Amino acid sequence: MLLDFDGPVCSIFAGLPADEVAARMRRRIGDAGHAIEREWEDEGDPLALLSSINETRPELVAYADAVLTELETEAALLARLNPEILDVLDACANSGRTVLLVSNNAGRAIGAYLDRAGLTDRVGGVFGRVPGEPASMKPSPRLLLDAMGETAPERCVFIGDAVRDVEAGDAAGVRTIGYANKPGKVAKLTGAGAAVVVESLLPLAAALTSPDIHT
């Protein structure tokens, strides 16, 4: 079982909003003596901001990624758990399935959240973005391929809440279940080609322990 982190597991920016993280990134970069490009100024998504920095000022990517990782880790300590994920984790454990997190967020931040939430032992591995390499982020299939390793894609399923998750799943050859946790996502995830779209993770948890479902 491959799971996206922000959305299915928790809302990482619930306590420290994404636009505040992006603003603090810009301030840190400026305070370090670097000019802020115009196209960065209104970006409220810190991951999109990191990608923009990679495209326009690649020499700053390592620094910007380190700053974002620090801020994501701070945000992780204020993140809000998606309570439905506990049922999914229980179902995976009870049915002998390994859970791997595959996320554009930093692995350090994900680990901090898992420790805080007491979930570390319930996750078999974490595959966050490669430090200093924003191109590793979904919709690239790289993180999914790294997570699957030698396991055939048809033996895996990926749960994600964004179009980029579906696109990464397609590129990696793995079926993606779209998690429509906000209004408007059903149409977007369906249009992107998700194998199934759900608005709650609870039916998935029930299905994972159904005798009619085979590994």
# chains A, B, ... in the order shown; residues from 1 in each chain; ligands from 1
$ closest_atom_pairs --of "region 98-140 of chain A" --to "region 160-181 of chain A" --cutoff "12 Å" --atoms "only C-alpha atoms" --output "JSON lines"
{"residue": "A:Leu101", "atom": "CA", "partner": "A:Gly160", "partner_atom": "CA", "distance": 10.3}
{"residue": "A:Val102", "atom": "CA", "partner": "A:Gly160", "partner_atom": "CA", "distance": 9.2}
{"residue": "A:Ser103", "atom": "CA", "partner": "A:Asp165", "partner_atom": "CA", "distance": 9.2}
{"residue": "A:Asn104", "atom": "CA", "partner": "A:Asp165", "partner_atom": "CA", "distance": 9.8}
{"residue": "A:Ser136", "atom": "CA", "partner": "A:Ala168", "partner_atom": "CA", "distance": 10.6}
{"residue": "A:Met137", "atom": "CA", "partner": "A:Ala168", "partner_atom": "CA", "distance": 9.0}
{"residue": "A:Lys138", "atom": "CA", "partner": "A:Ala168", "partner_atom": "CA", "distance": 5.6}
{"residue": "A:Pro139", "atom": "CA", "partner": "A:Ala168", "partner_atom": "CA", "distance": 4.3}
{"residue": "A:Ser140", "atom": "CA", "partner": "A:Ala168", "partner_atom": "CA", "distance": 5.4}
$ residues_around --residues "Leu68 (chain A)" --least-positions-apart "6" --cutoff "12 Å" --atoms "only C-alpha atoms" --output "JSON, numbers by chain"
{"A": [18, 20, 21, 22, 23, 24, 25, 26, 27, 28, 29, 45, 46, 47, 48, 49, 50, 51, 53, 61, 62, 74, 75, 76, 104, 105, 106, 107, 108, 109, 129, 131, 132, 134]}
$ residues_around --residues "Asp87 (chain A)" --least-positions-apart "6" --cutoff "9 Å" --atoms "only C-alpha atoms" --output "ChimeraX atom specification"
/A:201-202,204-206
$ write_last_selection --atoms "all heavy atoms" --output "short mmCIF file (atom, residue, chain, number, x, y, z; two decimals), in the first residue's frame"
data_model
loop_
_atom_site.label_atom_id
_atom_site.label_comp_id
_atom_site.auth_asym_id
_atom_site.auth_seq_id
_atom_site.Cartn_x
_atom_site.Cartn_y
_atom_site.Cartn_z
N LEU A 201 -11.88 7.42 3.34
CA LEU A 201 -10.98 6.27 3.33
C LEU A 201 -11.59 5.07 4.04
O LEU A 201 -11.04 3.96 3.95
CB LEU A 201 -9.66 6.64 4.02
CG LEU A 201 -8.83 7.73 3.36
CD1 LEU A 201 -7.56 7.98 4.16
CD2 LEU A 201 -8.49 7.38 1.91
N LEU A 202 -12.71 5.25 4.72
CA LEU A 202 -13.28 4.15 5.50
C LEU A 202 -13.73 2.97 4.64
O LEU A 202 -13.48 1.81 5.02
CB LEU A 202 -14.43 4.68 6.36
CG LEU A 202 -14.03 5.73 7.41
CD1 LEU A 202 -15.24 6.18 8.22
CD2 LEU A 202 -12.93 5.20 8.33
N LEU A 204 -12.34 1.99 1.96
CA LEU A 204 -11.11 1.32 1.57
C LEU A 204 -10.61 0.43 2.70
O LEU A 204 -10.15 -0.70 2.47
CB LEU A 204 -10.04 2.34 1.20
CG LEU A 204 -10.29 3.19 -0.04
CD1 LEU A 204 -9.15 4.17 -0.24
CD2 LEU A 204 -10.47 2.32 -1.27
N ALA A 205 -10.68 0.95 3.91
CA ALA A 205 -10.25 0.16 5.06
C ALA A 205 -11.08 -1.12 5.17
O ALA A 205 -10.54 -2.21 5.42
CB ALA A 205 -10.36 0.98 6.34
N ALA A 206 -12.38 -1.00 4.95
CA ALA A 206 -13.25 -2.18 5.01
C ALA A 206 -12.92 -3.16 3.90
O ALA A 206 -12.87 -4.38 4.10
CB ALA A 206 -14.72 -1.74 4.92
#
$ select_by_dssp --residues "region 14-65 of chain A" --states "alpha helix (DSSP H)" --output "PyMOL selection string"
chain A and resi 18-31+46-56+61-65
$ residues_around --residues "Val123 (chain A)" --least-positions-apart "6" --cutoff "12 Å" --atoms "only C-alpha atoms" --output "list of chain:residue names"
A:Met1, A:Leu2, A:Leu3, A:Phe5, A:Val9, A:Ile85, A:Leu86, A:Val88, A:Leu89, A:Asp90, A:Cys92, A:Ala93, A:Arg97, A:Thr98, A:Val99, A:Leu100, A:Leu101, A:Val102, A:Ile110, A:Gly111, A:Tyr113, A:Leu114, A:Asp115, A:Ala117
$ atom_distance --atom1 "CA of Tyr63 (chain A)" --atom2 "CA of Asp42 (chain A)"
19.9 Å
$ select_by_dssp --residues "region 11-153 of chain A" --states "strand (DSSP E or B)" --output "PDB file with all heavy atoms, in the first residue's frame"
ATOM      1  N   SER A  11      -3.095  16.755   7.497  1.00  0.00           N
ATOM      2  CA  SER A  11      -2.998  18.050   6.820  1.00  0.00           C
ATOM      3  C   SER A  11      -1.758  18.735   7.381  1.00  0.00           C
ATOM      4  O   SER A  11      -1.796  19.300   8.477  1.00  0.00           O
ATOM      5  CB  SER A  11      -4.245  18.898   7.085  1.00  0.00           C
ATOM      6  OG  SER A  11      -5.391  18.283   6.541  1.00  0.00           O
ATOM      7  N   ARG A  80      -2.578  18.312  11.422  1.00  0.00           N
ATOM      8  CA  ARG A  80      -3.821  17.706  11.910  1.00  0.00           C
ATOM      9  C   ARG A  80      -3.987  16.317  11.304  1.00  0.00           C
ATOM     10  O   ARG A  80      -4.005  16.145  10.083  1.00  0.00           O
ATOM     11  CB  ARG A  80      -5.021  18.581  11.548  1.00  0.00           C
ATOM     12  CG  ARG A  80      -6.356  18.034  12.059  1.00  0.00           C
ATOM     13  CD  ARG A  80      -7.512  18.983  11.761  1.00  0.00           C
ATOM     14  NE  ARG A  80      -7.718  19.141  10.326  1.00  0.00           N
ATOM     15  CZ  ARG A  80      -7.588  20.289   9.679  1.00  0.00           C
ATOM     16  NH1 ARG A  80      -7.222  21.376  10.312  1.00  0.00           N
ATOM     17  NH2 ARG A  80      -7.814  20.348   8.371  1.00  0.00           N
ATOM     18  N   LEU A  81      -4.130  15.326  12.143  1.00  0.00           N
ATOM     19  CA  LEU A  81      -4.314  13.946  11.713  1.00  0.00           C
ATOM     20  C   LEU A  81      -5.629  13.774  10.958  1.00  0.00           C
ATOM     21  O   LEU A  81      -6.654  14.351  11.342  1.00  0.00           O
ATOM     22  CB  LEU A  81      -4.318  13.022  12.935  1.00  0.00           C
ATOM     23  CG  LEU A  81      -4.598  11.534  12.672  1.00  0.00           C
ATOM     24  CD1 LEU A  81      -3.399  10.883  11.997  1.00  0.00           C
ATOM     25  CD2 LEU A  81      -4.930  10.819  13.975  1.00  0.00           C
ATOM     26  N   LEU A 100       3.780   2.153   2.744  1.00  0.00           N
ATOM     27  CA  LEU A 100       4.900   3.046   2.433  1.00  0.00           C
ATOM     28  C   LEU A 100       4.343   4.420   2.100  1.00  0.00           C
ATOM     29  O   LEU A 100       3.382   4.539   1.339  1.00  0.00           O
ATOM     30  CB  LEU A 100       5.701   2.510   1.246  1.00  0.00           C
ATOM     31  CG  LEU A 100       6.269   1.089   1.384  1.00  0.00           C
ATOM     32  CD1 LEU A 100       6.941   0.675   0.075  1.00  0.00           C
ATOM     33  CD2 LEU A 100       7.249   1.004   2.532  1.00  0.00           C
ATOM     34  N   LEU A 101       4.936   5.451   2.665  1.00  0.00           N
ATOM     35  CA  LEU A 101       4.520   6.815   2.373  1.00  0.00           C
ATOM     36  C   LEU A 101       5.357   7.377   1.238  1.00  0.00           C
ATOM     37  O   LEU A 101       6.595   7.276   1.266  1.00  0.00           O
ATOM     38  CB  LEU A 101       4.658   7.696   3.616  1.00  0.00           C
ATOM     39  CG  LEU A 101       3.836   7.280   4.833  1.00  0.00           C
ATOM     40  CD1 LEU A 101       3.969   8.325   5.931  1.00  0.00           C
ATOM     41  CD2 LEU A 101       2.367   7.059   4.481  1.00  0.00           C
ATOM     42  N   VAL A 102       4.698   7.946   0.251  1.00  0.00           N
ATOM     43  CA  VAL A 102       5.352   8.513  -0.923  1.00  0.00           C
ATOM     44  C   VAL A 102       4.860   9.941  -1.075  1.00  0.00           C
ATOM     45  O   VAL A 102       3.688  10.172  -1.378  1.00  0.00           O
ATOM     46  CB  VAL A 102       5.036   7.690  -2.191  1.00  0.00           C
ATOM     47  CG1 VAL A 102       5.806   8.242  -3.374  1.00  0.00           C
ATOM     48  CG2 VAL A 102       5.368   6.217  -1.978  1.00  0.00           C
ATOM     49  N   GLY A 125       8.051   2.454   5.528  1.00  0.00           N
ATOM     50  CA  GLY A 125       9.089   3.266   4.898  1.00  0.00           C
ATOM     51  C   GLY A 125       8.540   4.604   4.467  1.00  0.00           C
ATOM     52  O   GLY A 125       7.330   4.766   4.285  1.00  0.00           O
ATOM     53  N   VAL A 126       9.441   5.559   4.329  1.00  0.00           N
ATOM     54  CA  VAL A 126       9.076   6.922   3.915  1.00  0.00           C
ATOM     55  C   VAL A 126       9.929   7.310   2.717  1.00  0.00           C
ATOM     56  O   VAL A 126      11.160   7.215   2.764  1.00  0.00           O
ATOM     57  CB  VAL A 126       9.295   7.923   5.063  1.00  0.00           C
ATOM     58  CG1 VAL A 126       9.097   9.357   4.565  1.00  0.00           C
ATOM     59  CG2 VAL A 126       8.355   7.631   6.231  1.00  0.00           C
ATOM     60  N   PHE A 127       9.262   7.759   1.654  1.00  0.00           N
ATOM     61  CA  PHE A 127       9.941   8.190   0.438  1.00  0.00           C
ATOM     62  C   PHE A 127       9.506   9.625   0.140  1.00  0.00           C
ATOM     63  O   PHE A 127       8.529   9.868  -0.565  1.00  0.00           O
ATOM     64  CB  PHE A 127       9.614   7.252  -0.724  1.00  0.00           C
ATOM     65  CG  PHE A 127      10.140   5.858  -0.508  1.00  0.00           C
ATOM     66  CD1 PHE A 127       9.431   4.951   0.275  1.00  0.00           C
ATOM     67  CD2 PHE A 127      11.361   5.477  -1.041  1.00  0.00           C
ATOM     68  CE1 PHE A 127       9.925   3.671   0.502  1.00  0.00           C
ATOM     69  CE2 PHE A 127      11.868   4.202  -0.822  1.00  0.00           C
ATOM     70  CZ  PHE A 127      11.148   3.301  -0.040  1.00  0.00           C
TER      71      PHE A 127
END
